[in-house]
Amino acid sequence: MPTPLAQEIDYQGLPAIQLRSPDGAEAIVLLYGGHLVSWKPAGGDERLYMSDKAVFKPGTPVRGGVPVCFPQFGTNGPLPQHGFVRTRMWEKVAARAGEDFAMATLRITDNEETRALWPHAFQAEISIGITGSRIDIEFEVENTGEQAFEFSAALHTYLRVKEVEEVVLEGLRGQTYRNLLNKTEVEERVDTGVGVVIDRETTRLYYETENPLLLRETQRSIGINTENMPDTVVWNPWEETCANISDMPASGFRRMLCVEAAVVRNPVQVQPAQSWWGRQTLIAM
Ligand code: TA6
């Protein structure tokens, strides 16, 4: 039986926590960004995409894994794209391995720098829990100030796939989505396909999606469940946009599909001393 562990390591020059549950599931989360960079279910291969050209330097978002987007998703507001917590250091709150799991919790709190961008007192935590073929990624936000605030957020999960043209994302049929590629007007459609296939640049915000979603590959699948994160973003840059992303190899778009648990359409409001949480669960099959 593999030795369970929850230990601090160096990952690409950055402090990180490595988790291993007794059944052999493994994960690595960076203190930078509270960013999950690796997940291997028990007895399985890596299931998160990480770009070969990812930059591991404070200030630059890491291309792959699970970036935490908060308190703004995308460019929909005055903040930097996807907010500011993905490019800041978090601190370790807890990390342990038990009889059938391993888990870590990391925290980020407002400071002078964040208040200059977003004038609110907050505490946010990311908790990663692994066991067997399952990973739970839970994001919690507490309002520690005296004024209510509003935010949008996403767990911008980059799933690793063998060949993106061979995958089908099931569970979105009949759901309304907004095509975010159309920047000039709001273009909303209802998905009528049996499954979403990726054969072009795709950036869709699906509203209020249902559980579970299933990302099916030829030989394997991933089940995706969310709680309190009602929207789902599906992103693949495809060839041309990928060629313009400096931290992604030219063929990188073939090895990934982002299926993001998000709360975007109706931003979350948090009153003073109240908190909110959302979760994405992945099950490897
Ligand atoms: O979630 C989809 C998206 O907002 C895309 O529009 C694309 O820009 C992507 O995220 C990556 O964003 P990033 O800032 O990490 O390059």
# chains A, B, ... in the order shown; residues from 1 in each chain; ligands from 1
call {"tool": "residues_near_ligand", "arguments": {"ligand": "ligand 1", "cutoff": "8 Å", "atoms": "only C-alpha atoms and all ligand atoms", "output": "number ranges by chain"}}
result
A: 61-63, 67, 73-75, 81-82, 156, 180-181, 203-204, 233-237, 245, 258, 260
call {"tool": "residues_around", "arguments": {"residues": "region 225-229 of chain A", "least_positions_apart": "5", "cutoff": "6 Å", "atoms": "only C-alpha atoms", "output": "list of chain:residue names"}}
result
A:Asn211, A:Pro212, A:Ala261, A:Ala262, A:Val263, A:Gly278, A:Arg279, A:Gln280, A:Thr281
call {"tool": "select_by_dssp", "arguments": {"residues": "region 43-178 of chain A", "states": "strand (DSSP E)", "output": "ChimeraX atom specification"}}
result
/A:68-69,91-97,102-109,122-131,134-143,149-155,158-160,168-170,176-178
call {"tool": "write_last_selection", "arguments": {"atoms": "C-alpha atoms", "output": "short mmCIF file (atom, residue, chain, number, x, y, z; two decimals), in the first residue's frame"}}
result
data_model
loop_
_atom_site.label_atom_id
_atom_site.label_comp_id
_atom_site.auth_asym_id
_atom_site.auth_seq_id
_atom_site.Cartn_x
_atom_site.Cartn_y
_atom_site.Cartn_z
CA VAL A 68 -9.09 29.93 -9.16
CA CYS A 69 -10.92 32.87 -10.75
CA GLU A 91 -0.97 30.16 2.91
CA LYS A 92 -1.35 26.62 4.13
CA VAL A 93 -4.12 26.12 6.70
CA ALA A 94 -4.12 22.32 6.93
CA ALA A 95 -2.73 19.29 5.12
CA ARG A 96 -3.17 15.71 6.22
CA ALA A 97 -3.62 12.17 5.01
CA ALA A 102 -5.57 13.09 1.77
CA MET A 103 -6.53 16.76 1.91
CA ALA A 104 -5.14 20.26 2.03
CA THR A 105 -6.68 23.67 2.69
CA LEU A 106 -5.08 26.93 1.60
CA ARG A 107 -6.18 30.46 2.42
CA ILE A 108 -5.87 33.95 1.01
CA THR A 109 -6.90 37.10 2.89
CA PHE A 122 -12.46 38.81 2.63
CA GLN A 123 -10.97 35.45 3.38
CA ALA A 124 -11.04 32.73 0.72
CA GLU A 125 -10.08 29.08 1.11
CA ILE A 126 -9.52 26.29 -1.36
CA SER A 127 -9.76 22.72 -0.06
CA ILE A 128 -8.58 19.79 -2.12
CA GLY A 129 -9.61 16.30 -1.05
CA ILE A 130 -8.60 13.09 -2.83
CA THR A 131 -9.67 9.51 -2.40
CA ARG A 134 -12.36 11.12 -6.88
CA ILE A 135 -11.20 14.67 -6.21
CA ASP A 136 -13.20 17.41 -4.49
CA ILE A 137 -12.20 21.01 -5.05
CA GLU A 138 -14.06 23.30 -2.70
CA PHE A 139 -13.85 27.08 -2.73
CA GLU A 140 -15.12 29.13 0.18
CA VAL A 141 -15.40 32.89 0.54
CA GLU A 142 -16.09 34.75 3.76
CA ASN A 143 -16.97 38.41 4.05
CA PHE A 149 -19.91 42.48 -1.55
CA GLU A 150 -20.60 40.76 -4.84
CA PHE A 151 -18.37 38.52 -6.93
CA SER A 152 -18.25 36.05 -9.79
CA ALA A 153 -15.93 33.05 -9.67
CA ALA A 154 -14.82 29.89 -11.42
CA LEU A 155 -12.70 26.82 -10.91
CA TYR A 158 -8.10 22.22 -17.53
CA LEU A 159 -8.92 18.55 -18.16
CA ARG A 160 -6.24 16.57 -19.95
CA VAL A 168 -17.77 14.31 -26.21
CA LEU A 169 -19.04 16.37 -23.30
CA GLU A 170 -22.43 15.00 -22.31
CA THR A 176 -28.97 27.65 -22.71
CA TYR A 177 -25.51 29.03 -23.30
CA ARG A 178 -23.95 32.31 -24.12
#
call {"tool": "residues_around", "arguments": {"residues": "region 21-34 of chain A", "least_positions_apart": "5", "cutoff": "6 Å", "atoms": "only C-alpha atoms", "output": "ChimeraX atom specification"}}
result
/A:2-4,15-16,39-42,85-90,100-102,132
call {"tool": "closest_residue", "arguments": {"among": "A:Ile17, A:Met256, A:Leu48, A:Ile224", "to": "Trp238 (chain A)", "atoms": "only C-alpha atoms"}}
result
A:Met256
call {"tool": "select_by_dssp", "arguments": {"residues": "region 97-217 of chain A", "states": "alpha helix (DSSP H)", "output": "ChimeraX atom specification"}}
result
/A:112-117
call {"tool": "write_last_selection", "arguments": {"atoms": "N, CA and C atoms", "output": "mmCIF file, in the first residue's frame"}}
result
data_model
loop_
_atom_site.group_PDB
_atom_site.id
_atom_site.type_symbol
_atom_site.label_atom_id
_atom_site.label_comp_id
_atom_site.auth_asym_id
_atom_site.auth_seq_id
_atom_site.Cartn_x
_atom_site.Cartn_y
_atom_site.Cartn_z
ATOM 1 N N GLU A 112 -3.471 45.211 1.628
ATOM 2 C CA GLU A 112 -3.488 46.553 1.025
ATOM 3 C C GLU A 112 -3.578 46.487 -0.500
ATOM 4 N N GLU A 113 -2.796 45.546 -1.061
ATOM 5 C CA GLU A 113 -2.744 45.403 -2.521
ATOM 6 C C GLU A 113 -4.098 44.983 -3.107
ATOM 7 N N THR A 114 -4.737 43.991 -2.473
ATOM 8 C CA THR A 114 -6.028 43.524 -3.013
ATOM 9 C C THR A 114 -7.107 44.583 -2.800
ATOM 10 N N ARG A 115 -7.027 45.294 -1.643
ATOM 11 C CA ARG A 115 -8.048 46.330 -1.379
ATOM 12 C C ARG A 115 -7.922 47.499 -2.353
ATOM 13 N N ALA A 116 -6.696 47.727 -2.884
ATOM 14 C CA ALA A 116 -6.528 48.794 -3.878
ATOM 15 C C ALA A 116 -7.250 48.419 -5.171
ATOM 16 N N LEU A 117 -7.356 47.097 -5.429
ATOM 17 C CA LEU A 117 -8.048 46.640 -6.639
ATOM 18 C C LEU A 117 -9.540 46.453 -6.393
#
call {"tool": "atom_distance", "arguments": {"atom1": "CA of Val164 (chain A)", "atom2": "CA of Arg255 (chain A)"}}
result
6.1 Å
call {"tool": "atom_distance", "arguments": {"atom1": "CA of Ser133 (chain A)", "atom2": "CA of Leu214 (chain A)"}}
result
14.5 Å
call {"tool": "residues_around", "arguments": {"residues": "Glu163 (chain A)", "least_positions_apart": "2", "cutoff": "8 Å", "atoms": "only C-alpha atoms", "output": "list in words"}}
result
Val161, Glu165, Glu166, Val167, Arg254, Arg255 and Met256 of chain A
call {"tool": "write_last_selection", "arguments": {"atoms": "N, CA, C and O atoms", "output": "PDB file, in the first residue's frame"}}
result
ATOM      1  N   VAL A 161      -6.869  15.651 -22.111  1.00  0.00           N
ATOM      2  CA  VAL A 161      -7.489  14.655 -22.983  1.00  0.00           C
ATOM      3  C   VAL A 161      -6.441  14.151 -23.965  1.00  0.00           C
ATOM      4  O   VAL A 161      -5.443  14.828 -24.223  1.00  0.00           O
ATOM      5  N   GLU A 165     -10.488  16.250 -30.391  1.00  0.00           N
ATOM      6  CA  GLU A 165     -11.517  15.996 -31.414  1.00  0.00           C
ATOM      7  C   GLU A 165     -12.243  14.672 -31.180  1.00  0.00           C
ATOM      8  O   GLU A 165     -13.237  14.395 -31.828  1.00  0.00           O
ATOM      9  N   GLU A 166     -11.708  13.864 -30.266  1.00  0.00           N
ATOM     10  CA  GLU A 166     -12.368  12.581 -29.998  1.00  0.00           C
ATOM     11  C   GLU A 166     -13.208  12.587 -28.732  1.00  0.00           C
ATOM     12  O   GLU A 166     -13.754  11.563 -28.345  1.00  0.00           O
ATOM     13  N   VAL A 167     -13.304  13.740 -28.068  1.00  0.00           N
ATOM     14  CA  VAL A 167     -14.077  13.750 -26.824  1.00  0.00           C
ATOM     15  C   VAL A 167     -15.498  14.255 -27.065  1.00  0.00           C
ATOM     16  O   VAL A 167     -15.763  14.982 -28.019  1.00  0.00           O
ATOM     17  N   ARG A 254      -5.033  20.527 -28.456  1.00  0.00           N
ATOM     18  CA  ARG A 254      -5.494  19.149 -28.706  1.00  0.00           C
ATOM     19  C   ARG A 254      -5.496  18.301 -27.434  1.00  0.00           C
ATOM     20  O   ARG A 254      -6.130  17.268 -27.352  1.00  0.00           O
ATOM     21  N   ARG A 255      -4.721  18.730 -26.436  1.00  0.00           N
ATOM     22  CA  ARG A 255      -4.545  17.914 -25.227  1.00  0.00           C
ATOM     23  C   ARG A 255      -5.408  18.386 -24.053  1.00  0.00           C
ATOM     24  O   ARG A 255      -5.239  17.905 -22.948  1.00  0.00           O
ATOM     25  N   MET A 256      -6.271  19.355 -24.266  1.00  0.00           N
ATOM     26  CA  MET A 256      -7.028  19.910 -23.133  1.00  0.00           C
ATOM     27  C   MET A 256      -8.454  20.283 -23.508  1.00  0.00           C
ATOM     28  O   MET A 256      -8.775  20.526 -24.662  1.00  0.00           O
TER      29      MET A 256
END
call {"tool": "closest_residue", "arguments": {"among": "A:Asp247, A:Ser275, A:Ala284, A:Ala6", "to": "Met50 (chain A)", "atoms": "only C-alpha atoms"}}
result
A:Asp247
call {"tool": "atom_distance", "arguments": {"atom1": "CA of Arg200 (chain A)", "atom2": "CA of Pro80 (chain A)"}}
result
26.4 Å
call {"tool": "decode", "arguments": {"residues": "region 229-243 of chain A", "atoms": "all heavy atoms", "output": "mmCIF file, in the first residue's frame"}}
result
data_model
loop_
_atom_site.group_PDB
_atom_site.id
_atom_site.type_symbol
_atom_site.label_atom_id
_atom_site.label_comp_id
_atom_site.auth_asym_id
_atom_site.auth_seq_id
_atom_site.Cartn_x
_atom_site.Cartn_y
_atom_site.Cartn_z
ATOM 1 N N MET A 229 -22.230 26.091 -7.792
ATOM 2 C CA MET A 229 -21.588 26.785 -8.907
ATOM 3 C C MET A 229 -22.430 26.399 -10.124
ATOM 4 O O MET A 229 -22.148 25.411 -10.811
ATOM 5 C CB MET A 229 -20.123 26.375 -9.044
ATOM 6 C CG MET A 229 -19.339 26.700 -7.775
ATOM 7 S SD MET A 229 -17.564 26.464 -7.893
ATOM 8 C CE MET A 229 -17.014 28.086 -8.418
ATOM 9 N N PRO A 230 -23.522 27.144 -10.354
ATOM 10 C CA PRO A 230 -24.550 26.692 -11.281
ATOM 11 C C PRO A 230 -24.171 26.770 -12.763
ATOM 12 O O PRO A 230 -24.782 26.089 -13.577
ATOM 13 C CB PRO A 230 -25.721 27.641 -11.001
ATOM 14 C CG PRO A 230 -25.118 28.852 -10.382
ATOM 15 C CD PRO A 230 -23.905 28.382 -9.638
ATOM 16 N N ASP A 231 -23.178 27.587 -13.114
ATOM 17 C CA ASP A 231 -22.844 27.752 -14.533
ATOM 18 C C ASP A 231 -21.646 26.877 -14.901
ATOM 19 O O ASP A 231 -20.854 26.494 -14.034
ATOM 20 C CB ASP A 231 -22.521 29.220 -14.825
ATOM 21 C CG ASP A 231 -23.629 30.155 -14.342
ATOM 22 O OD1 ASP A 231 -24.813 29.789 -14.491
ATOM 23 O OD2 ASP A 231 -23.319 31.232 -13.796
ATOM 24 N N THR A 232 -21.543 26.577 -16.182
ATOM 25 C CA THR A 232 -20.402 25.789 -16.668
ATOM 26 C C THR A 232 -19.798 26.503 -17.865
ATOM 27 O O THR A 232 -20.514 26.858 -18.797
ATOM 28 C CB THR A 232 -20.853 24.379 -17.109
ATOM 29 O OG1 THR A 232 -21.437 23.711 -15.998
ATOM 30 C CG2 THR A 232 -19.688 23.553 -17.634
ATOM 31 N N VAL A 233 -18.495 26.720 -17.824
ATOM 32 C CA VAL A 233 -17.805 27.316 -18.969
ATOM 33 C C VAL A 233 -17.038 26.202 -19.684
ATOM 34 O O VAL A 233 -16.361 25.399 -19.035
ATOM 35 C CB VAL A 233 -16.828 28.435 -18.532
ATOM 36 C CG1 VAL A 233 -16.103 29.024 -19.740
ATOM 37 C CG2 VAL A 233 -17.582 29.519 -17.770
ATOM 38 N N VAL A 234 -17.197 26.161 -21.000
ATOM 39 C CA VAL A 234 -16.479 25.175 -21.817
ATOM 40 C C VAL A 234 -15.538 25.965 -22.719
ATOM 41 O O VAL A 234 -15.991 26.821 -23.486
ATOM 42 C CB VAL A 234 -17.467 24.334 -22.659
ATOM 43 C CG1 VAL A 234 -16.717 23.323 -23.516
ATOM 44 C CG2 VAL A 234 -18.470 23.626 -21.746
ATOM 45 N N TRP A 235 -14.247 25.706 -22.596
ATOM 46 C CA TRP A 235 -13.268 26.499 -23.357
ATOM 47 C C TRP A 235 -12.215 25.628 -24.024
ATOM 48 O O TRP A 235 -11.608 24.772 -23.390
ATOM 49 C CB TRP A 235 -12.543 27.511 -22.446
ATOM 50 C CG TRP A 235 -11.534 28.347 -23.193
ATOM 51 C CD1 TRP A 235 -11.774 29.152 -24.263
ATOM 52 C CD2 TRP A 235 -10.119 28.443 -22.947
ATOM 53 N NE1 TRP A 235 -10.611 29.758 -24.684
ATOM 54 C CE2 TRP A 235 -9.580 29.343 -23.897
ATOM 55 C CE3 TRP A 235 -9.264 27.878 -22.004
ATOM 56 C CZ2 TRP A 235 -8.226 29.678 -23.935
ATOM 57 C CZ3 TRP A 235 -7.904 28.221 -22.049
ATOM 58 C CH2 TRP A 235 -7.398 29.108 -22.999
ATOM 59 N N ASN A 236 -12.054 25.869 -25.326
ATOM 60 C CA ASN A 236 -10.890 25.353 -26.043
ATOM 61 C C ASN A 236 -10.490 26.425 -27.063
ATOM 62 O O ASN A 236 -11.321 26.866 -27.840
ATOM 63 C CB ASN A 236 -11.185 24.035 -26.760
ATOM 64 C CG ASN A 236 -9.941 23.488 -27.446
ATOM 65 O OD1 ASN A 236 -9.509 24.002 -28.471
ATOM 66 N ND2 ASN A 236 -9.338 22.474 -26.860
ATOM 67 N N PRO A 237 -9.210 26.838 -27.055
ATOM 68 C CA PRO A 237 -8.822 27.966 -27.915
ATOM 69 C C PRO A 237 -8.693 27.601 -29.393
ATOM 70 O O PRO A 237 -8.655 28.476 -30.248
ATOM 71 C CB PRO A 237 -7.458 28.373 -27.348
ATOM 72 C CG PRO A 237 -6.911 27.140 -26.703
ATOM 73 C CD PRO A 237 -8.100 26.356 -26.214
ATOM 74 N N TRP A 238 -8.554 26.320 -29.700
ATOM 75 C CA TRP A 238 -8.320 25.810 -31.047
ATOM 76 C C TRP A 238 -7.041 26.409 -31.632
ATOM 77 O O TRP A 238 -6.299 27.105 -30.944
ATOM 78 C CB TRP A 238 -9.567 26.048 -31.939
ATOM 79 C CG TRP A 238 -9.652 25.010 -33.030
ATOM 80 C CD1 TRP A 238 -9.463 25.221 -34.372
ATOM 81 C CD2 TRP A 238 -9.894 23.610 -32.863
ATOM 82 N NE1 TRP A 238 -9.577 24.027 -35.042
ATOM 83 C CE2 TRP A 238 -9.840 23.028 -34.152
ATOM 84 C CE3 TRP A 238 -10.134 22.799 -31.762
ATOM 85 C CZ2 TRP A 238 -10.028 21.664 -34.358
ATOM 86 C CZ3 TRP A 238 -10.321 21.446 -31.962
ATOM 87 C CH2 TRP A 238 -10.271 20.894 -33.248
ATOM 88 N N GLU A 239 -6.786 26.063 -32.890
ATOM 89 C CA GLU A 239 -5.453 26.260 -33.466
ATOM 90 C C GLU A 239 -4.950 27.715 -33.491
ATOM 91 O O GLU A 239 -3.863 28.017 -33.004
ATOM 92 C CB GLU A 239 -5.467 25.704 -34.891
ATOM 93 C CG GLU A 239 -4.114 25.390 -35.420
ATOM 94 C CD GLU A 239 -4.212 24.518 -36.679
ATOM 95 O OE1 GLU A 239 -5.336 24.155 -37.083
ATOM 96 O OE2 GLU A 239 -3.153 24.227 -37.230
ATOM 97 N N GLU A 240 -5.778 28.582 -34.036
ATOM 98 C CA GLU A 240 -5.295 29.945 -34.272
ATOM 99 C C GLU A 240 -5.078 30.711 -32.966
ATOM 100 O O GLU A 240 -4.031 31.322 -32.753
ATOM 101 C CB GLU A 240 -6.334 30.668 -35.136
ATOM 102 C CG GLU A 240 -5.735 31.747 -35.992
ATOM 103 C CD GLU A 240 -6.831 32.406 -36.816
ATOM 104 O OE1 GLU A 240 -7.639 31.683 -37.457
ATOM 105 O OE2 GLU A 240 -6.879 33.654 -36.784
ATOM 106 N N THR A 241 -6.069 30.664 -32.077
ATOM 107 C CA THR A 241 -5.918 31.378 -30.800
ATOM 108 C C THR A 241 -4.804 30.758 -29.981
ATOM 109 O O THR A 241 -4.006 31.461 -29.350
ATOM 110 C CB THR A 241 -7.257 31.370 -30.026
ATOM 111 O OG1 THR A 241 -8.209 32.066 -30.833
ATOM 112 C CG2 THR A 241 -7.148 32.054 -28.682
ATOM 113 N N CYS A 242 -4.696 29.429 -30.021
ATOM 114 C CA CYS A 242 -3.638 28.741 -29.275
ATOM 115 C C CYS A 242 -2.261 29.229 -29.746
ATOM 116 O O CYS A 242 -1.363 29.445 -28.927
ATOM 117 C CB CYS A 242 -3.770 27.226 -29.454
ATOM 118 S SG CYS A 242 -2.629 26.278 -28.451
ATOM 119 N N ALA A 243 -2.123 29.424 -31.046
ATOM 120 C CA ALA A 243 -0.836 29.878 -31.594
ATOM 121 C C ALA A 243 -0.453 31.242 -31.030
ATOM 122 O O ALA A 243 0.729 31.602 -31.000
ATOM 123 C CB ALA A 243 -0.915 29.933 -33.116
#
